[in-house]
>>> print(open('final_29.tsv').read())   # TSV, C-alpha atoms
chain	number	residue	atom	x	y	z
L	28	MET	CA	-31.90	8.06	-30.97
L	29	THR	CA	-29.41	10.97	-30.77
L	30	ALA	CA	-28.88	10.26	-27.07
L	31	ALA	CA	-28.09	6.63	-27.89
L	32	LEU	CA	-25.57	7.53	-30.63
L	33	PRO	CA	-22.43	7.50	-28.40
L	34	LEU	CA	-23.53	4.11	-27.05
L	35	VAL	CA	-24.13	2.70	-30.55
L	36	LEU	CA	-20.80	4.09	-31.84
L	37	THR	CA	-18.76	2.79	-28.89
L	38	VAL	CA	-20.27	-0.69	-29.15
L	39	PHE	CA	-19.88	-0.60	-32.95
L	40	VAL	CA	-16.12	0.11	-32.85
L	41	ALA	CA	-15.46	-2.38	-30.04
L	42	CYS	CA	-17.44	-5.11	-31.77
L	43	ALA	CA	-15.92	-4.40	-35.19
L	44	VAL	CA	-12.44	-5.13	-33.77
L	45	GLU	CA	-13.61	-8.48	-32.39
L	46	ALA	CA	-15.52	-9.31	-35.58
L	47	ILE	CA	-12.36	-8.71	-37.67
L	48	GLU	CA	-10.46	-11.23	-35.52
L	49	ALA	CA	-13.31	-13.77	-35.79
L	50	LEU	CA	-13.46	-13.24	-39.58
L	51	THR	CA	-9.77	-14.18	-39.90
L	52	ILE	CA	-10.44	-17.55	-38.24
L	53	VAL	CA	-13.64	-18.20	-40.26
L	54	LEU	CA	-11.87	-17.43	-43.56
L	55	ALA	CA	-8.89	-19.64	-42.64
L	56	ALA	CA	-11.21	-22.56	-41.83
L	57	GLY	CA	-13.60	-22.02	-44.74
L	58	LEU	CA	-11.09	-21.43	-47.53
L	59	THR	CA	-8.63	-24.11	-46.37
L	60	ARG	CA	-10.98	-26.85	-45.14
L	61	GLN	CA	-14.67	-26.73	-46.09
L	62	TRP	CA	-17.41	-24.12	-45.77
L	63	ARG	CA	-20.21	-26.45	-44.60
L	64	SER	CA	-18.50	-27.44	-41.30
L	65	THR	CA	-17.19	-23.87	-40.90
L	66	PHE	CA	-20.74	-22.46	-41.09
L	67	GLN	CA	-21.97	-25.14	-38.70
L	68	GLY	CA	-19.31	-24.12	-36.18
L	69	MET	CA	-20.14	-20.45	-36.64
L	70	ALA	CA	-23.88	-21.07	-36.27
L	71	ALA	CA	-23.36	-23.16	-33.10
L	72	ALA	CA	-21.24	-20.38	-31.55
L	73	LEU	CA	-23.82	-17.72	-32.47
L	74	VAL	CA	-26.60	-19.79	-30.84
L	75	VAL	CA	-24.56	-20.05	-27.61
L	76	LEU	CA	-23.82	-16.31	-27.69
L	77	ALA	CA	-27.49	-15.45	-28.33
L	78	ALA	CA	-28.48	-17.66	-25.38
L	79	ILE	CA	-25.97	-15.84	-23.12
L	80	VAL	CA	-27.36	-12.43	-24.19
L	81	GLY	CA	-30.93	-13.74	-23.79
L	82	VAL	CA	-30.28	-14.93	-20.23
L	83	LEU	CA	-27.86	-12.28	-18.94
L	84	GLY	CA	-29.34	-9.26	-20.73
L	85	PRO	CA	-32.74	-9.14	-19.01
L	86	THR	CA	-31.22	-10.35	-15.69
L	87	ILE	CA	-28.65	-7.56	-15.53
L	88	THR	CA	-31.29	-4.86	-16.09
L	89	LEU	CA	-33.19	-6.15	-13.02
L	90	LEU	CA	-30.25	-5.37	-10.69
L	91	PRO	CA	-30.34	-2.13	-8.66
L	92	LEU	CA	-28.63	0.60	-10.70
L	93	THR	CA	-26.04	1.47	-7.99
L	94	ALA	CA	-24.87	-2.12	-7.60
L	95	LEU	CA	-24.89	-2.60	-11.36
L	96	ARG	CA	-22.76	0.49	-11.94
L	97	LEU	CA	-20.28	-0.48	-9.21
L	98	VAL	CA	-19.71	-4.03	-10.50
L	99	VAL	CA	-19.93	-3.24	-14.22
L	100	GLY	CA	-17.85	-0.07	-13.79
L	101	ALA	CA	-15.10	-2.01	-12.02
L	102	LEU	CA	-15.10	-4.72	-14.69
L	103	LEU	CA	-15.09	-2.21	-17.55
L	104	ALA	CA	-12.30	-0.12	-15.98
L	105	ILE	CA	-10.13	-3.23	-15.48
L	106	PHE	CA	-10.93	-4.53	-18.96
L	107	GLY	CA	-10.33	-1.09	-20.54
L	108	LEU	CA	-7.00	-0.55	-18.75
L	109	GLN	CA	-5.81	-3.98	-20.00
L	110	TRP	CA	-6.78	-3.04	-23.58
L	111	LEU	CA	-4.99	0.29	-23.21
L	112	ARG	CA	-1.90	-1.39	-21.75
L	113	LYS	CA	-1.63	-3.73	-24.74
L	114	ALA	CA	-2.39	-0.98	-27.27
L	115	ILE	CA	0.26	1.33	-25.73
L	116	LEU	CA	2.90	-1.44	-25.67
L	117	ARG	CA	2.12	-2.15	-29.35
L	118	ALA	CA	2.16	1.54	-30.33
L	119	ALA	CA	5.51	2.01	-28.56
L	120	GLY	CA	7.09	-0.99	-30.27
L	121	TYR	CA	7.47	-3.21	-27.19
L	122	LYS	CA	4.92	-5.70	-28.49
L	123	ALA	CA	4.31	-6.80	-32.08
L	124	LEU	CA	1.34	-5.17	-33.78
L	125	HIS	CA	-1.63	-7.50	-34.19
L	126	ASP	CA	-1.36	-8.49	-37.83
L	127	GLU	CA	-4.42	-10.19	-39.35
L	128	ALA	CA	-2.42	-11.27	-42.42
L	129	SER	CA	0.14	-13.25	-40.39
L	130	ALA	CA	-2.56	-14.54	-38.00
L	131	TYR	CA	-4.41	-15.82	-41.08
L	132	LEU	CA	-1.29	-17.56	-42.45
L	133	ARG	CA	-0.71	-19.26	-39.07
L	134	GLU	CA	-4.31	-20.54	-38.98
L	135	VAL	CA	-4.11	-21.72	-42.61
L	136	ALA	CA	-0.87	-23.67	-41.94
L	137	ALA	CA	-2.44	-25.37	-38.90
L	138	ALA	CA	-5.67	-26.09	-40.81
L	139	LYS	CA	-3.79	-27.69	-43.73
L	140	ALA	CA	-1.83	-29.95	-41.38
L	141	ALA	CA	-4.86	-31.26	-39.43
L	142	PRO	CA	-6.54	-34.52	-40.60
L	143	GLU	CA	-10.18	-34.47	-41.78
L	144	VAL	CA	-12.30	-36.39	-39.25
L	145	ALA	CA	-16.13	-36.70	-39.31
L	146	LYS	CA	-17.77	-36.57	-35.88
L	147	ARG	CA	-21.26	-36.03	-34.41
L	148	GLY	CA	-22.88	-35.31	-37.77
L	149	VAL	CA	-20.16	-32.82	-38.78
L	150	SER	CA	-18.10	-33.84	-41.82
L	151	ASP	CA	-14.96	-31.84	-40.80
L	152	TRP	CA	-14.61	-31.71	-37.02
L	153	TYR	CA	-11.44	-29.55	-37.16
L	154	ALA	CA	-13.12	-26.80	-39.21
L	155	PHE	CA	-16.16	-26.96	-36.93
L	156	THR	CA	-14.25	-26.67	-33.63
L	157	LEU	CA	-11.79	-24.06	-34.96
L	158	THR	CA	-14.65	-21.81	-36.05
L	159	PHE	CA	-16.79	-22.53	-32.99
L	160	LYS	CA	-13.99	-21.65	-30.55
L	161	GLY	CA	-12.86	-18.58	-32.51
L	162	VAL	CA	-16.32	-17.08	-32.92
L	163	LEU	CA	-17.30	-17.94	-29.32
L	164	LEU	CA	-14.17	-16.38	-27.79
L	165	GLU	CA	-14.29	-13.20	-29.85
L	166	GLY	CA	-18.08	-13.10	-29.46
L	167	LEU	CA	-17.83	-13.29	-25.66
L	168	GLU	CA	-16.02	-9.95	-25.66
L	169	VAL	CA	-18.79	-8.53	-27.84
L	170	VAL	CA	-21.42	-9.92	-25.44
L	171	PHE	CA	-19.55	-8.48	-22.45
L	172	ILE	CA	-19.46	-5.02	-24.04
L	173	VAL	CA	-23.09	-5.16	-25.23
L	174	ILE	CA	-24.45	-6.28	-21.85
L	175	THR	CA	-22.36	-3.92	-19.71
L	176	PHE	CA	-22.90	-0.83	-21.86
L	177	GLY	CA	-26.53	-1.62	-22.72
L	178	GLY	CA	-27.42	-2.63	-19.16
L	179	ASN	CA	-25.84	0.46	-17.62
L	180	GLN	CA	-27.56	2.83	-20.04
L	181	HIS	CA	-30.81	0.85	-19.76
L	182	ASN	CA	-30.73	0.60	-23.53
L	183	LEU	CA	-29.78	-2.94	-24.41
L	184	GLY	CA	-31.51	-2.53	-27.79
L	185	ALA	CA	-29.16	0.28	-28.91
L	186	ALA	CA	-26.10	-1.73	-27.81
L	187	VAL	CA	-27.35	-4.78	-29.74
L	188	VAL	CA	-27.92	-2.57	-32.82
L	189	GLY	CA	-24.32	-1.23	-32.61
L	190	ALA	CA	-22.93	-4.79	-32.32
L	191	ALA	CA	-25.15	-6.14	-35.11
L	192	ILE	CA	-24.13	-3.36	-37.53
L	193	ALA	CA	-20.45	-4.05	-36.77
L	194	VAL	CA	-20.82	-7.79	-37.41
L	195	VAL	CA	-22.77	-7.21	-40.64
L	196	VAL	CA	-20.30	-4.59	-41.96
L	197	VAL	CA	-17.27	-6.80	-41.22
L	198	THR	CA	-18.97	-9.94	-42.61
L	199	VAL	CA	-20.05	-8.24	-45.85
L	200	THR	CA	-16.58	-6.71	-46.30
L	201	GLY	CA	-15.03	-10.12	-45.66
L	202	ILE	CA	-17.30	-11.77	-48.25
L	203	VAL	CA	-16.47	-9.07	-50.81
L	204	VAL	CA	-12.68	-9.13	-50.40
L	205	ARG	CA	-12.43	-12.85	-49.43
L	206	ALA	CA	-9.33	-12.09	-47.38
L	207	PRO	CA	-8.49	-11.08	-43.78
L	208	LEU	CA	-9.01	-7.36	-43.20
L	209	ALA	CA	-5.32	-6.63	-42.75
L	210	LYS	CA	-5.57	-2.97	-43.80
L	211	VAL	CA	-7.88	-1.99	-40.93
L	212	PRO	CA	-5.84	0.02	-38.36
L	213	GLU	CA	-6.62	-2.50	-35.64
L	214	ASN	CA	-4.26	-1.12	-33.00
L	215	ALA	CA	-5.67	2.40	-33.40
L	216	LEU	CA	-9.19	1.00	-33.03
L	217	LYS	CA	-8.18	-0.99	-29.94
L	218	PHE	CA	-6.56	2.14	-28.51
L	219	ALA	CA	-9.83	4.06	-29.03
L	220	VAL	CA	-11.92	1.27	-27.52
L	221	GLY	CA	-9.57	1.03	-24.52
L	222	ILE	CA	-10.04	4.76	-23.92
L	223	MET	CA	-13.85	4.45	-24.07
L	224	LEU	CA	-14.01	1.35	-21.86
L	225	THR	CA	-11.68	2.91	-19.26
L	226	SER	CA	-13.58	6.23	-19.25
L	227	PHE	CA	-17.07	4.73	-18.98
L	228	GLY	CA	-15.86	2.14	-16.46
L	229	THR	CA	-14.28	4.83	-14.28
L	230	PHE	CA	-17.39	7.01	-14.52
L	231	TRP	CA	-19.89	4.27	-13.67
L	232	GLY	CA	-17.66	2.59	-11.08
L	233	ALA	CA	-17.18	5.81	-9.13
L	234	GLU	CA	-20.92	6.58	-9.38
L	235	GLY	CA	-21.66	3.09	-8.07
L	236	ALA	CA	-19.30	3.76	-5.14
L	237	GLY	CA	-21.42	6.81	-4.30
L	238	VAL	CA	-19.67	9.85	-5.79
L	239	THR	CA	-21.44	12.65	-7.63
L	240	TRP	CA	-19.43	13.73	-10.68
L	241	PRO	CA	-18.99	17.49	-11.18
L	242	GLY	CA	-21.38	18.34	-14.03
L	243	ASN	CA	-23.03	14.89	-13.75
L	244	ASP	CA	-23.04	13.12	-17.16
L	245	ALA	CA	-21.12	16.04	-18.74
L	246	ALA	CA	-18.06	14.88	-16.75
L	247	LEU	CA	-17.64	12.18	-19.40
L	248	LEU	CA	-16.90	14.91	-21.94
L	249	VAL	CA	-13.83	15.78	-19.85
L	250	LEU	CA	-12.95	12.27	-18.70
L	251	VAL	CA	-12.69	10.74	-22.20
L	252	PRO	CA	-10.20	13.36	-23.54
L	253	VAL	CA	-8.16	13.22	-20.30
L	254	VAL	CA	-7.86	9.41	-20.55
L	255	ALA	CA	-6.91	9.83	-24.23
L	256	VAL	CA	-4.22	12.43	-23.46
L	257	VAL	CA	-2.70	10.34	-20.63
L	258	SER	CA	-2.69	7.21	-22.83
L	259	LEU	CA	-1.14	8.98	-25.82
L	260	GLY	CA	1.40	10.55	-23.44
L	261	CYS	CA	2.32	7.09	-22.12
L	262	ALA	CA	2.71	5.79	-25.70
L	263	ALA	CA	4.96	8.75	-26.63
L	264	TRP	CA	7.04	8.30	-23.45
L	265	LEU	CA	7.54	4.57	-24.07
L	266	ARG	CA	8.22	5.06	-27.80
L	267	ARG	CA	11.03	7.50	-26.94
L	268	ALA	CA	12.41	5.16	-24.27
L	269	HIS	CA	12.27	2.26	-26.72
L	270	ARG	CA	14.20	4.28	-29.33
L	271	VAL	CA	16.85	5.27	-26.80
L	272	ASN	CA	17.23	1.66	-25.61
L	273	THR	CA	17.34	0.35	-29.18
L	274	ALA	CA	20.09	2.83	-29.98
L	275	ALA	CA	21.94	1.74	-26.82
L	276	GLY	CA	22.43	-1.74	-28.27
L	277	PRO	CA	21.07	-5.27	-28.50
L	278	GLN	CA	21.69	-6.03	-24.80
L	279	ALA	CA	19.18	-3.38	-23.76
L	280	GLN	CA	16.65	-4.73	-26.29
L	281	VAL	CA	16.96	-8.25	-24.90
L	282	SER	CA	16.32	-7.13	-21.33
L	283	GLN	CA	13.32	-5.10	-22.51
L	284	ALA	CA	11.87	-7.98	-24.48
L	285	GLU	CA	12.18	-10.20	-21.40
L	286	GLY	CA	10.13	-7.66	-19.49
L	287	VAL	CA	7.16	-7.73	-21.87
L	288	THR	CA	5.41	-10.94	-21.00
L	289	SER	CA	2.46	-10.75	-23.37
D	23	MET	CA	-13.92	-32.50	-14.08
D	24	LEU	CA	-11.31	-30.70	-11.99
D	25	ARG	CA	-9.30	-29.93	-15.12
D	26	ALA	CA	-12.38	-28.52	-16.85
D	27	LEU	CA	-13.11	-26.31	-13.83
D	28	LYS	CA	-9.49	-25.14	-13.77
D	29	SER	CA	-9.49	-24.22	-17.45
D	30	PHE	CA	-12.89	-22.51	-17.05
D	31	GLY	CA	-11.46	-20.43	-14.18
D	32	ALA	CA	-8.25	-19.73	-16.11
D	33	PHE	CA	-10.27	-18.55	-19.12
D	34	TRP	CA	-12.31	-16.06	-17.05
D	35	TYR	CA	-9.21	-14.91	-15.14
D	36	ASP	CA	-7.45	-14.20	-18.43
D	37	PHE	CA	-10.60	-12.65	-19.92
D	38	VAL	CA	-11.26	-10.18	-17.10
D	39	ILE	CA	-7.96	-9.72	-15.22
D	40	GLY	CA	-5.62	-10.12	-18.21
D	41	ASP	CA	-1.84	-9.85	-18.16
D	42	ASP	CA	-1.32	-7.85	-14.97
D	43	TRP	CA	-3.42	-8.58	-11.88
D	44	HIS	CA	-1.98	-5.52	-10.13
D	45	VAL	CA	-4.18	-3.28	-12.32
D	46	ALA	CA	-7.35	-5.10	-11.23
D	47	ALA	CA	-6.25	-5.01	-7.57
D	48	ILE	CA	-5.58	-1.25	-7.70
D	49	VAL	CA	-8.97	-0.54	-9.35
D	50	VAL	CA	-10.86	-2.64	-6.77
D	51	ALA	CA	-8.92	-1.05	-3.86
D	52	ALA	CA	-9.57	2.45	-5.24
D	53	LEU	CA	-13.30	1.74	-5.54
D	54	ALA	CA	-13.42	0.44	-1.95
D	55	LEU	CA	-11.54	3.52	-0.72
D	56	THR	CA	-13.85	5.80	-2.72
D	57	ALA	CA	-16.93	4.18	-1.15
D	58	LEU	CA	-15.38	4.59	2.32
D	59	LEU	CA	-14.54	8.26	1.73
D	60	VAL	CA	-18.05	8.98	0.40
D	61	HIS	CA	-20.13	7.01	2.90
D	62	VAL	CA	-17.98	7.27	6.08
D	63	ALA	CA	-15.99	10.51	5.78
D	64	GLY	CA	-18.53	12.39	3.63
D	65	VAL	CA	-15.90	13.29	0.98
D	66	ASN	CA	-17.10	13.35	-2.64
D	67	ALA	CA	-13.93	11.62	-3.89
D	68	TRP	CA	-14.74	11.57	-7.63
D	69	TRP	CA	-11.05	12.19	-8.41
D	70	LEU	CA	-9.72	9.07	-6.69
D	71	LEU	CA	-10.64	6.37	-9.26
D	72	PRO	CA	-9.29	8.26	-12.32
D	73	LEU	CA	-6.02	8.97	-10.49
D	74	ALA	CA	-5.72	5.35	-9.34
D	75	GLY	CA	-6.45	4.13	-12.88
D	76	PHE	CA	-3.72	6.35	-14.38
D	77	ALA	CA	-1.26	5.30	-11.67
D	78	ALA	CA	-2.06	1.62	-12.27
D	79	LEU	CA	-1.57	2.02	-16.02
D	80	VAL	CA	1.76	3.87	-15.73
D	81	TRP	CA	3.07	1.44	-13.09
D	82	SER	CA	2.02	-1.59	-15.13
D	83	LEU	CA	3.65	-0.20	-18.29
D	84	HIS	CA	6.82	0.57	-16.34
D	85	ARG	CA	6.91	-2.98	-14.96
D	86	ALA	CA	6.27	-4.49	-18.39
D	87	THR	CA	9.05	-2.54	-20.09
D	88	SER	CA	11.68	-2.77	-17.36
D	89	GLY	CA	11.68	-6.53	-16.88
D	90	LYS	CA	9.86	-6.55	-13.54
D	91	SER	CA	6.77	-8.50	-14.58
>>> encode(input="final_29.tsv", output="structure tokens")
Amino acid sequence: MTAALPLVLTVFVACAVEAIEALTIVLAAGLTRQWRSTFQGMAAALVVLAAIVGVLGPTITLLPLTALRLVVGALLAIFGLQWLRKAILRAAGYKALHDEASAYLREVAAAKAAPEVAKRGVSDWYAFTLTFKGVLLEGLEVVFIVITFGGNQHNLGAAVVGAAIAVVVVTVTGIVVRAPLAKVPENALKFAVGIMLTSFGTFWGAEGAGVTWPGNDAALLVLVPVVAVVSLGCAAWLRRAHRVNTAAGPQAQVSQAEGVTS
Amino acid sequence: MLRALKSFGAFWYDFVIGDDWHVAAIVVAALALTALLVHVAGVNAWWLLPLAGFAALVWSLHRATSGKS
């Protein structure tokens, strides 16, 4: 169990971030529209996600380890670098911080404006589809992380446990506070997850390509802090540049904003 | 049907590749080069992928904040 702890923790943090985003959508649909259709949409999405894990999980563990590490490592490294890129741009002020409170207000406004239509045995089709899409999209990221981390470590069970704890903790907290979890430092969590995904992806990808890491698995103990230091360095560098450009005047800010596409 | 396929492809492209395809291209190229160095030249190039990843990140951030992407 001790050996599986880093795996459980990594999956837990990554999945908690996604669960918080899904919770915002579920609360917006449930509190604004109706809970019955919201739960139906959530249940339908969870069935689809369970089916994906049920099919892909056992299949991925049958692949040869080298090929698995190469493909999964590449995907994780790409995925992790994209998370880091967004987290650094947010930390430096080039991109707005992800704010669950304003995301919730946007969803509520859209939910209030939509008409209530019954369809295919569901009394509120809008609440159903909003929840289904939200939970499915956020859940796909959870599934991706669970399958890649669990498959690579040959411990799908531990990865599923980490994800399940995250979903339960976020759901229970959401039920207790009955509001989006706006106080959770989401960007810091995403930053940490980006560092873990990039580090593990780099480690497994390079192993899959045939390299032998100095110190074998212990190389991760160096790789994770190095990725963290480089990422924090990038955030500090961009934060300073952003301050200098902001002080230089609105013209510089406009040209910067045009450069940040997402 | 075609539209559904297009949106399915667009979803997976956005899901995996994200905002800057250059990052994905650099990672894939670095992995291919690593495999070549290991299997053809006999060089244990463990350092190549981390360096390529850092370079891709810095370059992508520079492009995003200087109006080039």
>>> atom_distance(input="final_29.tsv", atom1="CA of Gly75 (chain D)", atom2="CA of Asn272 (chain L)")
27.0 Å
>>> closest_residue(input="final_29.tsv", among="L:Thr225, L:Thr158, L:Ser258, L:Asn182", to="Val49 (chain D)", atoms="all atoms listed in the file")
L:Thr225
>>> atom_distance(input="final_29.tsv", atom1="CA of Ile172 (chain L)", atom2="CA of Leu36 (chain L)")
12.1 Å
>>> closest_residue(input="final_29.tsv", among="D:Tyr35, D:Leu55, D:Ala74, D:Ala46", to="chain L", atoms="all atoms listed in the file")
D:Ala46
>>> closest_residue(input="final_29.tsv", among="L:Gly232, L:Pro33, L:Gly161, L:Gly178", to="chain D", atoms="all atoms listed in the file")
L:Gly232
>>> interface_residues(input="final_29.tsv", of="chain D", to="chain L", cutoff="8 Å", atoms="only C-alpha atoms", output="MDAnalysis selection string")
chainID D and resid 38:42 45:46 49:50 53:54 56:57 60:61 66:68 71:72 75:76 79:80 82:83 85:91
>>> atom_distance(input="final_29.tsv", atom1="CA of Phe155 (chain L)", atom2="CA of Ser64 (chain L)")
5.0 Å
>>> residues_around(input="final_29.tsv", residues="Val188 (chain L)", least_positions_apart="6", cutoff="10 Å", atoms="all atoms listed in the file", output="JSON, numbers by chain")
{"L": [34, 35, 36, 38, 39, 173, 194]}
>>> closest_residue(input="final_29.tsv", among="L:Glu165, L:Asn179, L:Gly81, L:Val197", to="Phe37 (chain D)", atoms="only C-alpha atoms")
L:Glu165
>>> residues_around(input="final_29.tsv", residues="Leu216 (chain L)", least_positions_apart="6", cutoff="10 Å", atoms="all atoms listed in the file", output="count of residues only")
6
>>> closest_residue(input="final_29.tsv", among="L:Asn214, L:Thr156, L:Thr93, L:Ser129", to="Arg117 (chain L)", atoms="only C-alpha atoms")
L:Asn214
>>> residues_around(input="final_29.tsv", residues="Trp62 (chain L)", least_positions_apart="4", cutoff="12 Å", atoms="only C-alpha atoms", output="list in words")
Val53, Leu54, Ala55, Ala56, Gly57, Leu58, Phe66, Gln67, Gly68, Met69, Ala70, Val149, Ser150, Asp151, Trp152, Tyr153, Ala154, Phe155 and Thr158 of chain L
>>> decode(input="final_29.tsv", residues="region 73-114 of chain L", atoms="C-alpha atoms", output="PDB file, in the first residue's frame")
ATOM      1  CA  LEU L  73     -21.244   7.820 -14.814  1.00  0.00           C
ATOM      2  CA  VAL L  74     -22.516   4.667 -16.584  1.00  0.00           C
ATOM      3  CA  VAL L  75     -20.743   5.724 -19.811  1.00  0.00           C
ATOM      4  CA  LEU L  76     -17.542   6.507 -17.879  1.00  0.00           C
ATOM      5  CA  ALA L  77     -17.680   3.175 -16.016  1.00  0.00           C
ATOM      6  CA  ALA L  78     -18.111   1.369 -19.347  1.00  0.00           C
ATOM      7  CA  ILE L  79     -15.041   3.173 -20.770  1.00  0.00           C
ATOM      8  CA  VAL L  80     -12.946   2.185 -17.719  1.00  0.00           C
ATOM      9  CA  GLY L  81     -14.337  -1.373 -17.888  1.00  0.00           C
ATOM     10  CA  VAL L  82     -13.357  -1.757 -21.556  1.00  0.00           C
ATOM     11  CA  LEU L  83     -10.120   0.252 -21.733  1.00  0.00           C
ATOM     12  CA  GLY L  84      -8.743  -0.632 -18.286  1.00  0.00           C
ATOM     13  CA  PRO L  85      -8.213  -4.378 -18.786  1.00  0.00           C
ATOM     14  CA  THR L  86      -7.261  -3.858 -22.475  1.00  0.00           C
ATOM     15  CA  ILE L  87      -4.478  -1.397 -21.698  1.00  0.00           C
ATOM     16  CA  THR L  88      -2.885  -3.734 -19.142  1.00  0.00           C
ATOM     17  CA  LEU L  89      -2.617  -6.432 -21.848  1.00  0.00           C
ATOM     18  CA  LEU L  90      -0.320  -4.248 -24.000  1.00  0.00           C
ATOM     19  CA  PRO L  91       3.456  -4.856 -23.837  1.00  0.00           C
ATOM     20  CA  LEU L  92       4.914  -2.602 -21.123  1.00  0.00           C
ATOM     21  CA  THR L  93       7.433  -0.855 -23.440  1.00  0.00           C
ATOM     22  CA  ALA L  94       4.794   0.103 -26.005  1.00  0.00           C
ATOM     23  CA  LEU L  95       2.403   1.133 -23.238  1.00  0.00           C
ATOM     24  CA  ARG L  96       4.991   3.373 -21.601  1.00  0.00           C
ATOM     25  CA  LEU L  97       5.963   4.988 -24.921  1.00  0.00           C
ATOM     26  CA  VAL L  98       2.393   5.841 -25.956  1.00  0.00           C
ATOM     27  CA  VAL L  99       1.059   6.677 -22.492  1.00  0.00           C
ATOM     28  CA  GLY L 100       4.228   8.599 -21.603  1.00  0.00           C
ATOM     29  CA  ALA L 101       3.930  10.726 -24.744  1.00  0.00           C
ATOM     30  CA  LEU L 102       0.245  11.432 -24.081  1.00  0.00           C
ATOM     31  CA  LEU L 103       0.845  12.274 -20.414  1.00  0.00           C
ATOM     32  CA  ALA L 104       3.814  14.536 -21.205  1.00  0.00           C
ATOM     33  CA  ILE L 105       1.781  16.439 -23.833  1.00  0.00           C
ATOM     34  CA  PHE L 106      -1.254  16.619 -21.555  1.00  0.00           C
ATOM     35  CA  GLY L 107       0.873  17.689 -18.554  1.00  0.00           C
ATOM     36  CA  LEU L 108       2.739  20.396 -20.492  1.00  0.00           C
ATOM     37  CA  GLN L 109      -0.620  21.839 -21.652  1.00  0.00           C
ATOM     38  CA  TRP L 110      -1.865  21.913 -18.031  1.00  0.00           C
ATOM     39  CA  LEU L 111       1.374  23.583 -16.936  1.00  0.00           C
ATOM     40  CA  ARG L 112       1.176  26.118 -19.777  1.00  0.00           C
ATOM     41  CA  LYS L 113      -2.336  27.171 -18.715  1.00  0.00           C
ATOM     42  CA  ALA L 114      -1.468  27.193 -15.000  1.00  0.00           C
TER      43      ALA L 114
END
